[in-house]
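S.K.: Take a look at the following structure, please.
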Number of protein chains: 2
Amino acid sequence: MVDIIQAHNEKRGTALLNQLKEKKPLFLCVIGVTETAKIQGISAAGANPEITDYTPPADVELLQLGKCKCIPGVPVTPDGIPTPALITMSALRLADIPSLVVSAGLKVKPYVPFVDLGGSPGRDIRTGRALDNAEEVLNRAKIAGENLSKTADYLVIGESIPGGTTTALSVLLAMGVDAKGKVSSSMPVNPHELKIRTVEAGLEAAGVEEGKFADDPIKAVSTVGDPMQPALAGLVLGAAEQVPVIMAGGTQMAAVLAVVNALNPDVLGNVAVGTTRWIVSDRTADLKGLVAEIADVPVLAAGLDFSKSRFDGLKAYEKGIVKEGVGCGGAAIAAMLKTGGKITKDTLLEEIERNYKQLVGSA
Amino acid sequence: MVDIIQAHNEKRGTALLNQLKEKKPLFLCVIGVTETAKIQGISAAGANPEITDYTPPADVELLQLGKCKCIPGVPVTPDGIPTPALITMSALRLADIPSLVVSAGLKVKPYVPFVDLGGSPGRDIRTGRALDNAEEVLNRAKIAGENLSKTADYLVIGESIPGGTTTALSVLLAMGVDAKGKVSSSMPVNPHELKIRTVEAGLEAAGVEEGKFADDPIKAVSTVGDPMQPALAGLVLGAAEQVPVIMAGGTQMAAVLAVVNALNPDVLGNVAVGTTRWIVSDRTADLKGLVAEIADVPVLAAGLDFSKSRFDGLKAYEKGIVKEGVGCGGAAIAAMLKTGGKITKDTLLEEIERNYKQLVGSA
């Protein structure tokens, strides 16, 4: 797989790629919202902060309907750069990979089927009481993971939750992981200071010192997390006992990895992080460092390259805008694997451009 | 498969059984409620009519948790006979068959993950306006069916909706199927007259003559149907283009079959009805006659036999109480098929008795 980059723990990564070649994956997308995303300057997953409630449902509509229904057009950043769901959708379609949407807590419901885990939207982490029923959501997700693991050779689990790198930072710090300055951003200039201030406000409101919840991930996510985290962790915990799981995302997956590691490290032999080249080469963040600190699972990256795209909206990805989301890196890896390498970064770009043209126009 | 009875269209039934032997199924259970179930004397799927809102969520909790959470104990008939979910749960566990719950419209949510299709509880069919968004639910179910069909060799789709044989009768009549006196009942004495009166009140309220909606199944279910019907039909329509589908239930599945047949008869070459011996030998109903009239798909029946059970609550099934539900017949067939016949009606009864003893006691 010439277009899959081994970014970390190459030995186990290679073994996993060999194991999964031409096997059949199931793609899950966990969606949720947190009020944290509405803090000005935190998230670029929407044209403005208020519209971030629509981004996750719109993303999964794009995956399953080929167009959004709860909003016109597709989700864009404030600069007009389109959602990475375009990449995920293109990868899943090209490789005929089935998908299932999982809701961890939404304000706006998508016009497609979704698995309900009984979760609710997350509060602003500055309240210090972000989630109400994280443990119940995690347990239900585990049941779903156990059942779905019997339906596929492996699972690829992505996310769409605006504001998610800030809540990743807070959970990592609450669990004692040295994460300051290491989480990514969907913006070209990573607002580390704003994120740290936000997280510190949340920890202070809860009266919690960094590292206090190292052994209590449920408390960590309940205090300063987001609904995606317990949902995705539960899916991994339920599925990875049976089949390999690719956690498809950037530094948000480090927070989920910390949760999984604290609850059942035994499953991590079956786990890898799958992301994009834009994440692993992001100089404003350090996914590999985070993963190495938590649990030394492989990090694989799809060698996506939009530098030669004929569309400025895609070329922008090369400037560090968006970078990852909706499991686009993991979906691209799965598409390459499933087709034994017939799908490459080039054929993928062709399909992405075709969908871009149809959905976004020539902008 | 000595314990699978060929009840109708034996030639295609045999071919299907050969095709599915030792293959991997996914079991889906579509749950929903309709106010129709609260008409006194209509449903035995609960100790009393008001509690029927709890029966579907409790049934699927039993499947996925091994116990109910939204009610104490397990759902029982007014006579105290336990839910057929006991059979389904035993079959799925013995054969290690994964399951996924699909909600078509509920008042009480289960404490397990469920796929939400955007449906609502059904109104009393005597209003003549039973469902609001049947077409949207059917379309979303189709998306789920398309995706899930890529995760299994075949699907087995059951239902739990109290009052469902009455709403089956009304949809069948609205679509011009000669169904009077042919739908089953969970009660030992089938209240045909009450059902017919209820259905006629619904058709009259809507100003609809029998057969008026022969070509418009969406109108038929919207007028006098229940939420399970468009959901289950959509799953079949989405999945059966790719893989075989066993519609797991009794005469309620005839109504779903009529809906599928009116929308896309081409998929029916991949469809069978899977039920219990108690249904196909029910002299107060005529599943085979209904199926023959609509679309000549195979009818398979699990040769379940509780006559020698040491528990009166199971022996009662032999007297025509309950008979079917929660896809128990189809789940039993799938368990036998998946294990190449290693699971028999006897090993199944052993497991059912073990679970009965633990969950119901010695009553």
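Each chain of the structure tokens is named A, B, ... in the order shown, its residues numbered from 1; ligands are numbered from 1 in display order.
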Report as a PyMOL selection string the set of chain B residues whose atoms approach chain A to within 10 Å, with distances computed over only C-alpha atoms.
M.R.: chain B and resi 24-27+64-65+96-103+109-118+136-137+139-153
S.K.: Find the spatial neighbours of Gly80 of chain B, counting only C-alpha atoms, within a cut-off of 10 Å - ignore same-chain residues fewer than 6 positions away - and output them as an NGL selection string.
M.R.: :B and (44 or 46-47 or 74 or 313 or 316 or 360 or 363)
S.K.: Atoms to include: C-alpha atoms. Write the selected residues as a PDB file, in the first residue's frame.
M.R.:
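Output (result.pdb):
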```pdb
ATOM      1  CA  ALA B  44     -51.851 -10.210  24.747  1.00  0.00           C
ATOM      2  CA  GLY B  46     -48.358  -7.398  27.975  1.00  0.00           C
ATOM      3  CA  ALA B  47     -50.059  -8.139  31.284  1.00  0.00           C
ATOM      4  CA  VAL B  74     -39.911 -10.063  31.493  1.00  0.00           C
ATOM      5  CA  GLY B 313     -45.119 -21.253  31.104  1.00  0.00           C
ATOM      6  CA  ALA B 316     -48.574 -23.034  27.190  1.00  0.00           C
ATOM      7  CA  VAL B 360     -38.983 -16.242  35.230  1.00  0.00           C
ATOM      8  CA  ALA B 363     -43.677 -20.584  37.844  1.00  0.00           C
TER       9      ALA B 363
END
```
S.K.: A:Asp282, A:Cys328, A:Met247, A:Ser309: which is nearest Ile157 of chain A, counting only C-alpha atoms?
M.R.: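 Looking at the shortest contact to Ile157 of chain A, the residue is A:Met247.
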S.K.: Check segment 289-335 of chain B with DSSP on the backbone and list each residue it calls strand (DSSP E or B), as a ChimeraX atom specification.
M.R.: /B:299-302
S.K.: For the residues in the current selection, export N, CA, C and O atoms as a short mmCIF file (atom, residue, chain, number, x, y, z; two decimals), in the first residue's frame.
M.R.:
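Output contents, as saved in result_34.cif:
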```
data_model
loop_
_atom_site.label_atom_id
_atom_site.label_comp_id
_atom_site.auth_asym_id
_atom_site.auth_seq_id
_atom_site.Cartn_x
_atom_site.Cartn_y
_atom_site.Cartn_z
N VAL B 299 -42.29 -20.19 2.83
CA VAL B 299 -42.55 -20.05 4.26
C VAL B 299 -41.85 -21.20 4.97
O VAL B 299 -42.11 -22.38 4.69
N LEU B 300 -40.92 -20.84 5.83
CA LEU B 300 -40.18 -21.83 6.63
C LEU B 300 -40.63 -21.69 8.07
O LEU B 300 -40.94 -20.59 8.53
N ALA B 301 -40.67 -22.81 8.78
CA ALA B 301 -41.09 -22.74 10.18
C ALA B 301 -40.14 -23.55 11.05
O ALA B 301 -39.79 -24.69 10.72
N ALA B 302 -39.72 -22.94 12.15
CA ALA B 302 -38.89 -23.66 13.11
C ALA B 302 -39.78 -24.66 13.85
O ALA B 302 -40.83 -24.30 14.37
#
```
S.K.: Which neighbours of segment 322-325 of chain A fall inside 7 Å, counting only C-alpha atoms, when residues of the same chain fewer than 3 positions from it are skipped, and could you give them as number ranges by chain?
M.R.: A: 84, 159-160, 186-187, 249-250, 276, 278-279, 317, 328-329
S.K.: Those selected residues, please, written with N, CA, C and O atoms and delivered as a PDB file, in the first residue's frame.
M.R.:
```pdb
ATOM      1  N   PRO A  84     -14.500  17.494   5.373  1.00  0.00           N
ATOM      2  CA  PRO A  84     -13.780  16.269   4.996  1.00  0.00           C
ATOM      3  C   PRO A  84     -14.724  15.095   4.732  1.00  0.00           C
ATOM      4  O   PRO A  84     -14.274  14.058   4.221  1.00  0.00           O
ATOM      5  N   GLU A 159     -15.388  10.222  13.523  1.00  0.00           N
ATOM      6  CA  GLU A 159     -16.202  11.122  14.342  1.00  0.00           C
ATOM      7  C   GLU A 159     -16.490  12.416  13.600  1.00  0.00           C
ATOM      8  O   GLU A 159     -15.743  12.813  12.706  1.00  0.00           O
ATOM      9  N   SER A 160     -17.568  13.060  13.989  1.00  0.00           N
ATOM     10  CA  SER A 160     -17.780  14.444  13.596  1.00  0.00           C
ATOM     11  C   SER A 160     -18.365  15.160  14.798  1.00  0.00           C
ATOM     12  O   SER A 160     -19.514  14.927  15.176  1.00  0.00           O
ATOM     13  N   SER A 186      -8.694  22.466  13.159  1.00  0.00           N
ATOM     14  CA  SER A 186      -9.170  22.518  11.778  1.00  0.00           C
ATOM     15  C   SER A 186      -8.822  23.855  11.127  1.00  0.00           C
ATOM     16  O   SER A 186      -9.067  24.068   9.950  1.00  0.00           O
ATOM     17  N   MET A 187      -8.221  24.750  11.937  1.00  0.00           N
ATOM     18  CA  MET A 187      -7.825  26.054  11.400  1.00  0.00           C
ATOM     19  C   MET A 187      -6.340  26.046  11.059  1.00  0.00           C
ATOM     20  O   MET A 187      -5.569  25.305  11.657  1.00  0.00           O
ATOM     21  N   GLY A 249      -9.263   9.207  13.035  1.00  0.00           N
ATOM     22  CA  GLY A 249      -9.299  10.623  13.356  1.00  0.00           C
ATOM     23  C   GLY A 249      -7.928  11.102  13.773  1.00  0.00           C
ATOM     24  O   GLY A 249      -6.965  10.330  13.801  1.00  0.00           O
ATOM     25  N   GLY A 250      -7.870  12.384  14.121  1.00  0.00           N
ATOM     26  CA  GLY A 250      -6.609  12.968  14.516  1.00  0.00           C
ATOM     27  C   GLY A 250      -6.420  12.925  16.022  1.00  0.00           C
ATOM     28  O   GLY A 250      -6.657  11.891  16.660  1.00  0.00           O
ATOM     29  N   THR A 276      -4.798  11.196   8.523  1.00  0.00           N
ATOM     30  CA  THR A 276      -4.344  11.732   7.236  1.00  0.00           C
ATOM     31  C   THR A 276      -2.884  12.180   7.330  1.00  0.00           C
ATOM     32  O   THR A 276      -2.370  12.443   8.422  1.00  0.00           O
ATOM     33  N   TRP A 278      -2.003  15.036   6.516  1.00  0.00           N
ATOM     34  CA  TRP A 278      -2.023  16.421   7.021  1.00  0.00           C
ATOM     35  C   TRP A 278      -1.914  16.459   8.546  1.00  0.00           C
ATOM     36  O   TRP A 278      -1.387  17.407   9.098  1.00  0.00           O
ATOM     37  N   ILE A 279      -2.434  15.447   9.205  1.00  0.00           N
ATOM     38  CA  ILE A 279      -2.334  15.385  10.675  1.00  0.00           C
ATOM     39  C   ILE A 279      -0.925  14.992  11.103  1.00  0.00           C
ATOM     40  O   ILE A 279      -0.326  15.637  11.961  1.00  0.00           O
ATOM     41  N   TYR A 317      -6.552  22.254   1.698  1.00  0.00           N
ATOM     42  CA  TYR A 317      -6.179  21.227   2.676  1.00  0.00           C
ATOM     43  C   TYR A 317      -4.658  21.152   2.843  1.00  0.00           C
ATOM     44  O   TYR A 317      -4.156  20.796   3.908  1.00  0.00           O
ATOM     45  N   CYS A 328     -12.057  10.665   7.711  1.00  0.00           N
ATOM     46  CA  CYS A 328     -11.659  10.650   6.293  1.00  0.00           C
ATOM     47  C   CYS A 328     -10.346   9.901   6.064  1.00  0.00           C
ATOM     48  O   CYS A 328     -10.197   9.193   5.067  1.00  0.00           O
ATOM     49  N   GLY A 329      -9.403  10.027   6.997  1.00  0.00           N
ATOM     50  CA  GLY A 329      -8.132   9.313   6.827  1.00  0.00           C
ATOM     51  C   GLY A 329      -8.324   7.811   6.922  1.00  0.00           C
ATOM     52  O   GLY A 329      -7.847   7.043   6.072  1.00  0.00           O
TER      53      GLY A 329
END
```
